[in-house]
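Student: Take a look at the following structure, please.
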Amino acid sequence: MTEFFADIAPVRYEGPDSANPLAFRHYNPDEIVMGKRMEDHLRFAVAYWHSFAWEGNDPFGGQTLIRPWQPQDDMARAKVKADAAFEMFDILGVPYFCWHDADIRPEAATFAESLRNFEEIIDYFLAKMESRKTRLLWGTANMFSHRRWMAGASTNPDPDVFAYAAATVKTCMDATHRMGGQNYVLWGGREGYETLLNTDMGRELDHMGRFLNMVVDYKHKIGFKGAILVEPKPQEPSKHQYDFDAATCIGFLRKYGLEGEVKLNLEQGHAILAGHSFEHEIAVAAAEGMLGSIDMNRNDYQSGWDTDQFPNNVPEVALCYYHILRAGGFTTGGTNFDAKLRRQSLDATDLIAAHVGGMDICARGLKAAAAMIEDGGLETALRDRYAGWDSDHGQGILESDLDSLFARVLAGEIDPQPRSGRQEMLENHVNRFV
Ligand code: XLS
Ligand code: NI
Ligand code: NI
């Protein structure tokens, strides 16, 4: 045991009436929702970077969070950090976690030395996982923090940085594969630009497409069965990020022949930054069969920053799971809390409470979504609205051409009659469940 979580007991489900601040009121892993255990629907993961590596810094201030594994430049302390992390996974009973290479091992003077540190920690994780249920949802490479990545990784103007990125991703894919990871994620941290004055955008996009093809080839070479996922985000840290949103990523994947190979990891806060709702992004990916996994968090609607707060809005989360359930639910994906404490939330208890609250909000959202699906009212309304297209009349219009449609409209045979979209009725309907 580390001392960090020493007096915190495993969190249990106590039901909606419990006043215990560290109990689940809605997340009941074994409860059956639409024929499946809640735990298997939601597939929660803890994000190592926010919960264990981030030290409370913001653009105006430095470290606020004091942890026993700091400073994070030493292998012995990296293991203390891992001990604490696995204690938290046990306390929460989460089935998964996610990491970047940089979160889990100290960076050393050379690539080879950093790799030795990394592999030692992966072995340390694997030993812990032998006696536990916690598994890896996904691994990823941090190719945005170190100064070598300041002008991008695969989109860097310097080919040597592209090569360094390739070597880095290979090591992270190997480790993800060894750990039985369910997915491998690429978030284009600085794959974008600050100014077009120094950026050859077409060339950078071609390089990013080539890089992703190398990643997919390597996946098949090593026999990794998980999904390769890219994570859209419109800006931050770059002024403009190439993986702007789900629709942009889908166009990119098609252009570089990757549509059957790569899916999307969608994040609530990134959707908001792109001017979308989270359910919009999920529905876009689902419509293309490219829904992979989600990073669940919440962005402040006023600040315009990626504030990565823990989710706290049931109606929002319910609509997100509604679209996930409609798309058939997660396969390799899950719900990763890409969310961090507020920098004044100093205590171990705050970290546990943040996850307990997030898990409960998601459980409420999932139950509401399942109830909406089982009720069927939304689906019926949708079917009714498009019923015209199910008729021979509607199908005939699709198979027609401009000339013949012109002739039928001119003759008065076709004369559209507007119908209500019933938005308020539908919103009221949703409010019965959330
Ligand atoms: C940053 C991203 C990042 C990815 C993993 O905004 O959300 O945390 O999920 O690299
Ligand atoms: Ni993010
Ligand atoms: Ni993310």
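Labels used: A, B, ... for chains in the order of the structure tokens, numbers from 1 for residues in each chain, and numbers from 1 for ligands as shown.
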What do you get as an MDAnalysis selection string if you pick all residues at most 9 Å from ligand 1, counting only C-alpha atoms and all ligand atoms?

Tutor: chainID A and resid 47 49:50 98:100 139:144 185:189 231:233 236:237 265:267 269:270 295 306 308 336 338:339

Student: Running DSSP on the backbone, which parts of range 78-123 of chain A land in alpha helix (DSSP H), as a ChimeraX atom specification?

Tutor: /A:78-92,101-104,111-123

Student: Hey, can you spit out that residue selection with N, CA, C and O atoms as a compact mmCIF listing (two decimals), in the first residue's frame?

Tutor:
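Produced file part_36.txt, reproduced below:
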# COMPACT_ATOMS: atom_id res chain seq x y z
N ALA A 78 8.45 6.42 -10.38
CA ALA A 78 7.48 5.99 -11.41
C ALA A 78 6.74 4.74 -10.92
O ALA A 78 5.56 4.54 -11.23
N LYS A 79 7.45 3.91 -10.15
CA LYS A 79 6.80 2.70 -9.62
C LYS A 79 5.86 3.04 -8.46
O LYS A 79 4.81 2.42 -8.32
N VAL A 80 6.24 4.03 -7.66
CA VAL A 80 5.32 4.48 -6.59
C VAL A 80 4.03 5.01 -7.24
O VAL A 80 2.91 4.74 -6.79
N LYS A 81 4.21 5.74 -8.35
CA LYS A 81 3.04 6.27 -9.08
C LYS A 81 2.17 5.10 -9.59
O LYS A 81 0.95 5.14 -9.46
N ALA A 82 2.82 4.08 -10.12
CA ALA A 82 2.07 2.91 -10.60
C ALA A 82 1.35 2.22 -9.44
O ALA A 82 0.19 1.79 -9.58
N ASP A 83 2.02 2.12 -8.29
CA ASP A 83 1.38 1.49 -7.12
C ASP A 83 0.10 2.25 -6.77
O ASP A 83 -0.96 1.66 -6.54
N ALA A 84 0.22 3.59 -6.72
CA ALA A 84 -0.95 4.41 -6.37
C ALA A 84 -2.04 4.25 -7.43
O ALA A 84 -3.23 4.13 -7.10
N ALA A 85 -1.65 4.25 -8.70
CA ALA A 85 -2.63 4.15 -9.78
C ALA A 85 -3.44 2.84 -9.65
O ALA A 85 -4.67 2.86 -9.69
N PHE A 86 -2.73 1.74 -9.46
CA PHE A 86 -3.46 0.46 -9.36
C PHE A 86 -4.30 0.39 -8.09
O PHE A 86 -5.36 -0.24 -8.08
N GLU A 87 -3.86 1.07 -7.02
CA GLU A 87 -4.71 1.14 -5.83
C GLU A 87 -6.01 1.87 -6.16
O GLU A 87 -7.10 1.47 -5.74
N MET A 88 -5.90 2.93 -6.94
CA MET A 88 -7.12 3.66 -7.30
C MET A 88 -8.01 2.80 -8.21
O MET A 88 -9.24 2.82 -8.07
N PHE A 89 -7.41 2.07 -9.14
CA PHE A 89 -8.24 1.20 -10.00
C PHE A 89 -9.02 0.21 -9.13
O PHE A 89 -10.18 -0.08 -9.40
N ASP A 90 -8.35 -0.31 -8.08
CA ASP A 90 -9.02 -1.25 -7.17
C ASP A 90 -10.13 -0.56 -6.39
O ASP A 90 -11.23 -1.10 -6.22
N ILE A 91 -9.83 0.63 -5.88
CA ILE A 91 -10.83 1.36 -5.07
C ILE A 91 -12.09 1.62 -5.91
O ILE A 91 -13.21 1.45 -5.44
N LEU A 92 -11.89 1.99 -7.16
CA LEU A 92 -13.03 2.33 -8.03
C LEU A 92 -13.64 1.10 -8.69
O LEU A 92 -14.78 1.15 -9.16
N ASP A 101 3.09 6.98 -23.19
CA ASP A 101 4.43 6.60 -22.74
C ASP A 101 4.98 7.60 -21.72
O ASP A 101 5.51 7.24 -20.67
N ALA A 102 4.80 8.91 -22.00
CA ALA A 102 5.38 9.94 -21.15
C ALA A 102 4.75 10.01 -19.76
O ALA A 102 5.36 10.54 -18.83
N ASP A 103 3.52 9.45 -19.61
CA ASP A 103 2.87 9.51 -18.30
C ASP A 103 3.48 8.51 -17.33
O ASP A 103 3.41 8.70 -16.12
N ILE A 104 3.99 7.42 -17.89
CA ILE A 104 4.29 6.27 -17.02
C ILE A 104 5.77 6.09 -16.74
O ILE A 104 6.14 5.45 -15.77
N PHE A 111 16.95 7.89 -26.69
CA PHE A 111 15.76 7.09 -27.04
C PHE A 111 15.87 5.70 -26.41
O PHE A 111 14.92 5.20 -25.81
N ALA A 112 17.06 5.09 -26.55
CA ALA A 112 17.25 3.72 -26.05
C ALA A 112 17.04 3.64 -24.55
O ALA A 112 16.40 2.71 -24.04
N GLU A 113 17.55 4.65 -23.83
CA GLU A 113 17.41 4.64 -22.38
C GLU A 113 15.94 4.87 -21.96
O GLU A 113 15.43 4.22 -21.04
N SER A 114 15.27 5.79 -22.66
CA SER A 114 13.84 6.01 -22.37
C SER A 114 13.05 4.73 -22.60
O SER A 114 12.13 4.40 -21.86
N LEU A 115 13.43 4.00 -23.66
CA LEU A 115 12.73 2.75 -23.99
C LEU A 115 12.94 1.72 -22.88
O LEU A 115 11.99 1.00 -22.51
N ARG A 116 14.15 1.65 -22.33
CA ARG A 116 14.39 0.70 -21.22
C ARG A 116 13.51 1.05 -20.03
O ARG A 116 12.89 0.17 -19.41
N ASN A 117 13.41 2.33 -19.71
CA ASN A 117 12.51 2.76 -18.62
C ASN A 117 11.07 2.33 -18.90
O ASN A 117 10.37 1.81 -18.02
N PHE A 118 10.65 2.58 -20.12
CA PHE A 118 9.27 2.29 -20.54
C PHE A 118 8.99 0.79 -20.38
O PHE A 118 7.99 0.39 -19.78
N GLU A 119 9.90 -0.03 -20.89
CA GLU A 119 9.66 -1.48 -20.85
C GLU A 119 9.66 -2.01 -19.42
O GLU A 119 8.89 -2.92 -19.09
N GLU A 120 10.49 -1.39 -18.58
CA GLU A 120 10.51 -1.82 -17.18
C GLU A 120 9.16 -1.51 -16.51
O GLU A 120 8.65 -2.31 -15.72
N ILE A 121 8.59 -0.37 -16.84
CA ILE A 121 7.29 -0.03 -16.25
C ILE A 121 6.19 -0.92 -16.83
O ILE A 121 5.28 -1.35 -16.10
N ILE A 122 6.26 -1.22 -18.11
CA ILE A 122 5.25 -2.12 -18.70
C ILE A 122 5.30 -3.48 -17.98
O ILE A 122 4.26 -4.05 -17.63
N ASP A 123 6.52 -3.99 -17.72
CA ASP A 123 6.64 -5.24 -16.97
C ASP A 123 6.02 -5.10 -15.58
O ASP A 123 5.36 -6.01 -15.09

Student: Considering only C-alpha atoms, can you say which of A:Gln182, A:Ala318, A:Met425, A:Trp305 comes closest to Pro59 in chain A?

Tutor: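 That would be A:Trp305, the residue with the smallest distance to Pro59 in chain A.
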
Student: Could you check which of A:Ala163, A:Leu351, A:Val434, A:Leu410 is closest to Ser51 in chain A, using only C-alpha atoms?

Tutor: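 Closest residue, counting only C-alpha atoms: A:Leu351.
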